[in-house]
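Asks: I have a structure here, written as C-alpha cells, and I will follow up with some questions on it.
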Number of protein chains: 2
Amino acid sequence: MDDKPGLRERKKLRTRAAISDAAIALFLEHGFNQVSVAQVAEAAEVSKRTLFAYFPTKEELVVHRLADHEAESARVVRTRPPGTSPLSALRGHFLAGLQERDPITGLNDHPMVLRLTRMIDDAPTLLARMDRFKAGAERALADALRETADLPELTARLAAVQIVSVQWTLSRENAARLAGGESADARHPGAVADAEQGFALLEHGLGSLAPRR
Amino acid sequence: MDDKPGLRERKKLRTRAAISDAAIALFLEHGFNQVSVAQVAEAAEVSKRTLFAYFPTKEELVVHRLADHEAESARVVRTRPPGTSPLSALRGHFLAGLQERDPITGLNDHPMVLRLTRMIDDAPTLLARMDRFKAGAERALADALRETADLPELTARLAAVQIVSVQWTLSRENAARLAGGESADARHPGAVADAEQGFALLEHGLGSLAPRR
DNA sequence: GTATAAATCTACACCAAGTGCAGAATTATC
DNA sequence: GATAATTCTGCACTTGGTGTAGATTTATAC
C-alpha cells in the first residue's frame, strides 16, 4: 500500500505540516483575523500560491486538525457492543470524554486549548466553518444509525441532528465556563450532571415540559 | 411613534428596497456567485459604498428577508393558549404551515421559491449564513421556553436546539423533494407524516431506538 | 425663501482572500 | 545523464469589504 513513501510524498507531508504549524502558531499569537495568509505563507517559507495548493481556504488551516473527530460519534455507534443502544453508547463515550478532559467535550483547560477556543469564538468565519463540521458529523452519524440500528432514512437523520446538537450544546457550555475562568476539575461534576440531563432529554423526550403558561 | 416618516426616511426605505430587489432579481437570474455586488449596485443605480451602508454583507442582501421568521418559533411558544405544551403548539403551527404551503416548511413549489432554494443551496456562503439564522432561532426559542415554561437555562437551550434542528431537517427534506420534481400537493401527505414522526421523536425521545446490532 | 447644520452619497484608493497562468525548479523514470 | 511529470513560484487579476474626503441632499432656524 504505502510502503514506499517516496521523497516527493515525504516532502509534501513536511510542507503541509510546516504550513499548518506556522498558521496555528501565528493565529494563536495574534488572532485569526489579524494574520493574513500571506504572512502564514512567509512564515512557512512557501509562496501564497503553494499554501492554497495544500489548504483550500484560510479556515481549513485550523479546522483540518479536527477532521478525524467528524466521524467520532458515528464510529462510537458502529463499534458499540451488542445489546447496547446507540444512545447509551454515546452517553458512555461522552462521559468518558469528560473524565479524560477530551477537548471535544469542552472540558479541557490547558492554556493552549483555551486560547484556541477563544480564537475560534472571535472569528465568525471559523465559527461558520464549525457548523459545516457539525453538518458532517450529523451525516456520518445518520448513516451509522441507519445501518446499525436499522432505522429508516429520515428517522436516522432526525435522531442524528438531535444528538449532535445536544452534544454540541453541552460542549459549548463547558467551554464557555472554562473560558470564564472555571477550572476543568471544578467544572467536572456540573458537566457530568448537564450531560446526564442532555442525554435524558434525548432518551425520554421533551414530553415532560410544563404545559401551563 | 413613526407617524412622521419624513422624506429622508422614505427615501432610505425606497433605496433599500431598490437594492434588495435588484439583488434578488440578478441572483435568481444568474446565481449568487455569478453576480458581483458591483453589478447589483449598478443595477440599483447606487454606489458600491452605499450598498454596503444598507447591507453589511452580500449574503444579507438575500437573508434579510427572512429576519422576521427568526423568532417565529419563539413567538408561537409565547402566544400558545394556556394549557398547551410548547411542543404541541409548535407541532400545530408546523402542520398549519404545511397546509398553507408556508415556504419555511419547505413545502412551497412556486417557481420563484424553488429557484430561491436552489440558489441558496448552490452558494456555500449563503448556506453558512442560514446556519447563523438557525442559531438565532435557537436562542430566541430558548428564551421563550425559559420564560413561559419555567425551564432552567440549560434545559431550555437543549430543548431549543433539538426542536429547531428537527424543524430544519423536516423543512430541508420537503425542499429537497420539491427540488426533485415532486409537487407540493403530492408531497403534502408525506410531509405531514414526517412531521408527525419528527415531533413524536421530540416528545417521546429516542429511547425506542433498537439496541441490538 | 435663504443660510446653515446634519445626514447621506459618491468616487477613489486600499486591503485581503482566492484563482489563473506561464515558466522555473524539482523529482521520478529510463 | 536526459527526459518527462510534478510541483513551486511570481505576477496579474477578480471580488468582497473598508476608510476617507468631499460633493450632494435634506432638515432646521430665521
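The way I read the labels, and the way they are meant: chains A, B, ... in the order of the C-alpha cells, residue 1 as the first residue of every chain, and ligand 1 as the first ligand shown, with later ones counted on from there.
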Residues of chain B that approach chain C to 10 Å or less, counting only C-alpha atoms (C1' of nucleotides): could you list each one with the shortest pair of atoms and its distance in Å to one decimal, rows by chain and increasing residue number, as CSV?
Replies:
```
residue,atom,partner,partner_atom,distance
B:Arg8,CA,C:DA7,C1',9.0
B:Lys12,CA,C:DT8,C1',9.6
B:Val46,CA,C:DC9,C1',8.5
B:Ser47,CA,C:DT10,C1',6.5
B:Lys48,CA,C:DT10,C1',9.1
B:Arg49,CA,C:DT10,C1',7.9
B:Thr50,CA,C:DC9,C1',6.6
B:Ala53,CA,C:DC9,C1',9.9
```
Asks: If you keep C-alpha atoms, can you produce a file of those selected residues as an mmCIF file, in the first residue's frame?
Replies:
```cif
data_model
loop_
_atom_site.group_PDB
_atom_site.id
_atom_site.type_symbol
_atom_site.label_atom_id
_atom_site.label_comp_id
_atom_site.auth_asym_id
_atom_site.auth_seq_id
_atom_site.Cartn_x
_atom_site.Cartn_y
_atom_site.Cartn_z
ATOM 1 C CA ARG B 8 -35.272 61.203 4.318
ATOM 2 C CA LYS B 12 -33.982 55.365 2.533
ATOM 3 C CA VAL B 46 -26.257 53.253 -6.332
ATOM 4 C CA SER B 47 -22.578 53.256 -5.491
ATOM 5 C CA LYS B 48 -20.977 50.144 -4.083
ATOM 6 C CA ARG B 49 -20.216 52.060 -0.912
ATOM 7 C CA THR B 50 -23.858 52.958 -0.456
ATOM 8 C CA ALA B 53 -24.239 51.133 4.029
#
```
Asks: Among segment 49-176 of chain A, which residues does DSSP mark as helix (DSSP H, G or I) when it is run on the backbone? Keep the chain and numbering as in the structure and answer as a PyMOL selection string.
Replies: chain A and resi 49-54+60-78+86-99+103-105+111-121+124-148+153-176
Asks: Identify every residue of chain B that has at least one atom within 10 Å of any atom of chain D, counting only C-alpha atoms (C1' of nucleotides), and report the result as a list in words.
Replies: Gly6, Leu7, Arg8, Ser36, Val37, Ala38, Lys48, Arg49, Phe52, Pro56, Thr57 and Lys58 of chain B
Asks: Specify as a PyMOL selection string all residues of chain B found within 6 Å of chain A, counting only C-alpha atoms.
Replies: chain B and resi 82-85+128+148-149+158+162+166+202-207+210-213
Asks: To one decimal place, how far is atom CA of Arg118 of chain A from atom CA of Val192 of chain A in Å?
Replies: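 Between atom CA of Arg118 of chain A and atom CA of Val192 of chain A the gap is 22.8 Å.
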Asks: Could you tell me how far atom CA of Glu153 of chain A sits from atom CA of Pro189 of chain B, in Å to one decimal place?
Replies: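 Separating atom CA of Pro189 of chain B from atom CA of Glu153 of chain A is a distance of 17.4 Å.
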